[in-house]
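Right, one structure below, let's go through it.
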Amino acid sequence: MLQQKIKDLAGKYAEEFISVRKHLHAHPELSYHEFETSQFVQSKLKDFGIPFTVKATTGVLGIIEGKNPGSRVIALRADMDALPIQEENETSYRSQNPGVMHACGHDVHTTILLGAAKILNELKSEWEGTIKLIFQPGEERNPGGASYMIKEGVLENPQPAGIIGLHVHPGLDEGKLSFRKGRVMASADEIYITIRGKGGHAAAPNLTADTILIASHLIVSLQQIISRNRNPLTPSVLSICSIQGGHTTNVIPSEVKLMGTFRAMDEQWRFKAHELIRKQAVGLVESMGGEIDLHIDVGYPTVDNDPVFTEKAWRLAEAYMGKEKVEETEMRMGAEDFGYYTQKIPGCFYRLGVRNEAKGIIHNVHTPKFDIDERAIETGMGMMAWLGSSVQ
């Protein structure tokens with residue numbers, strides 16, 4: 001039985017791929033600079049006897065053909081980049097690159113796809129169709145590595161009937177998975193604002209255009225776009241996360257810079273909100289005597305799990321794991337460039353539990369202490385291989 005063979009191989013290779021994950025974790029690279037990671041992935045695929053091509057400089061596309069290669073095509077995706085975070089974990093595999101850390105689990109994602117690839121290649125006489133292995137760069141940085149991989153044809157010749165991706169979930173216990181049909185993650189756009197005005201002495205604000213005061217009013221005012229214009233039943237978030245201006249106690253600066261993010265679960269509202277942000281920001285700043293430069297960097301779209309394709313994957317996961325270990329995942333205002341794939345073909349983006357309170361593995365992604373229960377790697381690569389070999 002294919003399912004049992006996959007489970008047996010996942011168990012057999014678990015320690016091998018735990019070591020792979022430790023290597024990747026210790027050598028993180030930032031978005032679009034995954035040169036060593038890409039070479040590592042390529043070397044592993046060579047070892048497995050899997051043909052591949054390099055895409056988007058550091059991306060890798062592997063191909064495994066089973067029986068009747070043209071009968072069915074499925075894509076499996078992993079991201080490879082890390083974050084600009086200084087790791088605080090004291091482990092043997094902690095990051096060796098100062099200020100760079102796999103704090104979002106992309107080392108785990110890459111490891112799992114490599115493990116699934118080895119299993120699928122070993123069992124390729126026992127499943128139908130073709131599997132595309134997409135190892136992509138730059139998930140953490142606009143415009144998103146997925147967009148580059150798509151432009152370079154990873155979803156063409158042949159076009160997959162569907163694409164599957166996973167993400168570690170530190171809120172879910174190891175040994176569990178979670179799925180959701182329909183919209184599952186938000187869009188994400190970056191906001192950059194520069195406010196300029198005549199600076200001067202803090203004791204004579206009447207002779208200045210107080211850029212600090214203008215920025216303060218603007219930050220508060222922008223929140224009203226969400227609270228007064230958005231449909232209350234549609235989640236949306238606008239957060240200003242950086243204020244840079246001024247260097248001393250008695251000088252009103254001539255320039256203040258703001259940076260932030262805008263998230264939405266509705267694509268129509270998303271772009272309407274962009275216009276409201278522009279209109280309100282320009283009007284307020286100019287009315288207070290300042291000048292403004294505003295740029296909204298349009299980022300990732302929403303992630304939409306195809307209901308039919310995801311239902312099939314969900315049922316297969318229950319058959320592999322046991323129904324009690326598969327849950328419905330929550331909607332998240334976080335964003336993922338996996339949304340670019342789901343705009344093109346049916347997709348399923350699911351969550352892999354990595355939490356273990358007894359071991360102190362409780363920290364969220366994008367934090368200096370994020371880590372995983374490594375037993376999740378066996379679960380993850382077995383599940384990815386099972387879905388890749390079986391979903392229609």
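In the structure tokens, chains take the letters A, B, ... in the order shown, each chain's residues start at 1, and ligands count up from 1 in the order shown.
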Do you know which residues are at most 9 Å from Met265 of chain A counting only C-alpha atoms, after dropping those on the same chain fewer than 2 positions away, and could you put them as an mmCIF file with C-alpha atoms, in the first residue's frame?
data_model
loop_
_atom_site.group_PDB
_atom_site.id
_atom_site.type_symbol
_atom_site.label_atom_id
_atom_site.label_comp_id
_atom_site.auth_asym_id
_atom_site.auth_seq_id
_atom_site.Cartn_x
_atom_site.Cartn_y
_atom_site.Cartn_z
ATOM 1 C CA ARG A 183 -9.703 32.605 1.730
ATOM 2 C CA VAL A 184 -7.100 31.866 4.369
ATOM 3 C CA MET A 185 -4.586 34.774 4.387
ATOM 4 C CA ALA A 186 -4.673 38.511 3.713
ATOM 5 C CA SER A 187 -3.168 40.688 1.045
ATOM 6 C CA THR A 234 -14.402 42.202 6.426
ATOM 7 C CA PRO A 235 -11.086 42.028 8.336
ATOM 8 C CA SER A 236 -8.507 44.701 7.540
ATOM 9 C CA ARG A 263 -3.661 44.138 5.100
ATOM 10 C CA GLU A 267 -9.347 42.623 -3.019
ATOM 11 C CA TRP A 269 -11.755 46.990 -0.670
ATOM 12 C CA ARG A 270 -7.972 46.703 -0.748
ATOM 13 C CA THR A 302 -4.853 37.120 -0.675
ATOM 14 C CA MET A 333 -4.030 38.672 8.574
#
Item checked: Residues near segment 359-364 of chain A, cut-off 8 Å, only C-alpha atoms, skip fewer than 5 positions along chain, as a VMD selection string -> chain A and resid 170 to 171 354 369 to 373
May I have the selected residues written with C-alpha atoms, as a PDB file, in the first residue's frame?
ATOM      1  CA  PRO A 170       3.811  27.270  16.306  1.00  0.00           C
ATOM      2  CA  GLY A 171       0.300  27.484  17.763  1.00  0.00           C
ATOM      3  CA  VAL A 354       5.507  22.300  15.429  1.00  0.00           C
ATOM      4  CA  LYS A 369      13.479  32.376  19.870  1.00  0.00           C
ATOM      5  CA  PHE A 370      11.379  30.593  17.261  1.00  0.00           C
ATOM      6  CA  ASP A 371      12.146  26.885  16.950  1.00  0.00           C
ATOM      7  CA  ILE A 372      10.314  23.645  16.172  1.00  0.00           C
ATOM      8  CA  ASP A 373       9.806  20.171  17.538  1.00  0.00           C
TER       9      ASP A 373
END
Next item on the list: Identify, on the basis of only C-alpha atoms, every residue whose closest approach to Cys104 of chain A does not exceed 12 Å; exclude the query and any residue fewer than 3 positions from it along the same chain; express the result as a PyMOL selection string.
Entry: chain A and resi 25+28+30+79-85+87+100-101+107-110+139-140+166-170+334+336+354+363-372
Check: Which neighbours of Gly62 of chain A fall inside 12 Å, counting only C-alpha atoms, when residues of the same chain fewer than 6 positions from it are skipped, and could you give them as a PyMOL selection string?
Finding: chain A and resi 41-46+48-55+74-78+113-114+116-118+120-121+130-136+154
Produce a file of the selected residues containing N, CA and C atoms, as a CSV table (one decimal), in the first residue's frame.
chain,number,residue,atom,x,y,z
A,41,VAL,N,20.3,22.8,-2.2
A,41,VAL,CA,19.1,22.1,-2.8
A,41,VAL,C,19.5,21.4,-4.1
A,42,GLN,N,20.2,22.0,-4.9
A,42,GLN,CA,20.6,21.4,-6.2
A,42,GLN,C,21.5,20.2,-6.0
A,43,SER,N,22.4,20.2,-5.0
A,43,SER,CA,23.2,19.1,-4.7
A,43,SER,C,22.4,17.9,-4.2
A,44,LYS,N,21.4,18.2,-3.4
A,44,LYS,CA,20.6,17.1,-2.9
A,44,LYS,C,19.7,16.5,-4.0
A,45,LEU,N,19.2,17.3,-4.9
A,45,LEU,CA,18.4,16.7,-6.0
A,45,LEU,C,19.3,15.9,-6.9
A,46,LYS,N,20.5,16.3,-7.1
A,46,LYS,CA,21.5,15.5,-7.9
A,46,LYS,C,21.7,14.2,-7.2
A,48,PHE,N,19.7,12.6,-5.4
A,48,PHE,CA,18.5,11.8,-5.5
A,48,PHE,C,18.3,11.3,-6.9
A,49,GLY,N,19.0,11.9,-7.9
A,49,GLY,CA,18.8,11.5,-9.3
A,49,GLY,C,17.6,12.2,-9.8
A,50,ILE,N,17.2,13.4,-9.3
A,50,ILE,CA,16.1,14.2,-9.8
A,50,ILE,C,16.5,15.3,-10.7
A,51,PRO,N,16.1,15.4,-11.9
A,51,PRO,CA,16.5,16.5,-12.8
A,51,PRO,C,15.9,17.8,-12.4
A,52,PHE,N,16.6,18.9,-12.6
A,52,PHE,CA,16.1,20.2,-12.2
A,52,PHE,C,16.7,21.3,-13.1
A,53,THR,N,16.1,22.5,-13.0
A,53,THR,CA,16.6,23.7,-13.7
A,53,THR,C,16.6,24.8,-12.7
A,54,VAL,N,17.4,25.8,-12.9
A,54,VAL,CA,17.5,27.0,-12.0
A,54,VAL,C,16.6,28.0,-12.6
A,55,LYS,N,15.8,28.6,-11.7
A,55,LYS,CA,14.9,29.7,-12.1
A,55,LYS,C,15.1,30.9,-11.2
A,74,ILE,N,1.1,17.7,-10.6
A,74,ILE,CA,0.9,18.4,-9.3
A,74,ILE,C,2.2,19.2,-8.9
A,75,ALA,N,2.1,20.4,-8.4
A,75,ALA,CA,3.2,21.1,-8.0
A,75,ALA,C,3.3,21.1,-6.4
A,76,LEU,N,4.5,21.0,-5.9
A,76,LEU,CA,4.7,21.1,-4.5
A,76,LEU,C,5.7,22.3,-4.3
A,77,ARG,N,5.5,23.1,-3.3
A,77,ARG,CA,6.3,24.4,-3.2
A,77,ARG,C,6.9,24.5,-1.8
A,78,ALA,N,8.1,25.0,-1.8
A,78,ALA,CA,8.7,25.4,-0.5
A,78,ALA,C,9.5,26.7,-0.7
A,113,LEU,N,10.3,19.5,1.7
A,113,LEU,CA,10.1,19.3,0.3
A,113,LEU,C,11.2,18.4,-0.3
A,114,LEU,N,12.5,18.6,0.2
A,114,LEU,CA,13.5,17.7,-0.1
A,114,LEU,C,13.3,16.3,0.3
A,116,ALA,N,10.3,14.9,0.9
A,116,ALA,CA,9.2,14.4,0.1
A,116,ALA,C,9.7,14.0,-1.3
A,117,ALA,N,10.6,14.8,-1.8
A,117,ALA,CA,11.2,14.5,-3.2
A,117,ALA,C,11.9,13.2,-3.2
A,118,LYS,N,12.7,12.9,-2.1
A,118,LYS,CA,13.4,11.6,-2.1
A,118,LYS,C,12.5,10.5,-2.0
A,120,LEU,N,9.2,10.4,-3.0
A,120,LEU,CA,8.5,10.3,-4.2
A,120,LEU,C,9.3,9.7,-5.3
A,121,ASN,N,10.6,10.1,-5.4
A,121,ASN,CA,11.5,9.6,-6.4
A,121,ASN,C,11.7,8.1,-6.2
A,130,THR,N,3.1,13.4,-13.0
A,130,THR,CA,4.3,14.2,-12.8
A,130,THR,C,4.2,15.2,-11.7
A,131,ILE,N,5.3,15.3,-10.9
A,131,ILE,CA,5.3,16.2,-9.8
A,131,ILE,C,6.4,17.3,-10.0
A,132,LYS,N,6.0,18.5,-9.9
A,132,LYS,CA,7.0,19.7,-10.0
A,132,LYS,C,7.3,20.1,-8.6
A,133,LEU,N,8.6,20.2,-8.4
A,133,LEU,CA,9.1,20.6,-7.1
A,133,LEU,C,9.6,22.1,-7.2
A,134,ILE,N,8.9,23.0,-6.5
A,134,ILE,CA,9.3,24.4,-6.6
A,134,ILE,C,9.9,24.9,-5.3
A,135,PHE,N,11.2,25.2,-5.4
A,135,PHE,CA,12.0,25.8,-4.3
A,135,PHE,C,12.2,27.2,-4.7
A,136,GLN,N,11.5,28.1,-4.0
A,136,GLN,CA,11.5,29.5,-4.5
A,136,GLN,C,12.2,30.4,-3.5
A,154,VAL,N,7.3,28.3,-14.2
A,154,VAL,CA,7.2,27.0,-13.4
A,154,VAL,C,5.8,26.4,-13.4
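For the pair atom CA of Lys323 of chain A and atom CA of Lys7 of chain A, the separation is 16.5 Å.
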Within 12 Å of segment 203-218 of chain A: each segment 223-309 of chain A residue with its shortest pair, only C-alpha atoms, as a tab-separated table:
residue	atom	partner	partner_atom	distance
A:Gln223	CA	A:Leu218	CA	8.8
A:Gln224	CA	A:Leu218	CA	10.1
A:Ile225	CA	A:Leu218	CA	11.1
A:Ile240	CA	A:Leu218	CA	10.1
A:Ser242	CA	A:Ala215	CA	11.2
A:Ile243	CA	A:Ala215	CA	8.5
A:Gln244	CA	A:Ile212	CA	9.5
A:Gly245	CA	A:Ile212	CA	7.3
A:Gly246	CA	A:Ile212	CA	8.2
A:His247	CA	A:Ile212	CA	11.7
A:Thr249	CA	A:Ala203	CA	10.4
A:Asn250	CA	A:Ala203	CA	7.2
A:Val251	CA	A:Ala203	CA	8.4
A:Ile252	CA	A:Asp210	CA	6.3
A:Pro253	CA	A:Thr211	CA	6.6
A:Ser254	CA	A:Thr211	CA	6.5
A:Glu255	CA	A:Thr211	CA	6.4
A:Val256	CA	A:Thr211	CA	6.2
A:Lys257	CA	A:Ala215	CA	8.5
A:Leu258	CA	A:Ala215	CA	7.9
A:Met259	CA	A:Ala215	CA	11.3
A:Ile277	CA	A:Leu218	CA	10.1
A:Arg278	CA	A:Leu218	CA	11.3
A:Lys279	CA	A:Leu218	CA	11.7
A:Gln280	CA	A:Leu218	CA	8.4
A:Ala281	CA	A:Leu218	CA	6.5
A:Val282	CA	A:Leu218	CA	9.6
A:Gly283	CA	A:Leu218	CA	9.9
A:Leu284	CA	A:Leu218	CA	6.9
A:Val285	CA	A:Ile214	CA	6.3
A:Glu286	CA	A:Ile214	CA	9.3
A:Ser287	CA	A:Ile214	CA	9.5
A:Met288	CA	A:Ile214	CA	6.7
A:Gly289	CA	A:Ala209	CA	5.6
A:Gly290	CA	A:Ala209	CA	6.0
A:Glu291	CA	A:Thr211	CA	9.3
A:Ile292	CA	A:Thr211	CA	10.2
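Counting only C-alpha atoms, the residue from A:Ala317, A:Ala26, A:Ala264, A:Ala273 that sits nearest to Gln96 of chain A is A:Ala26.
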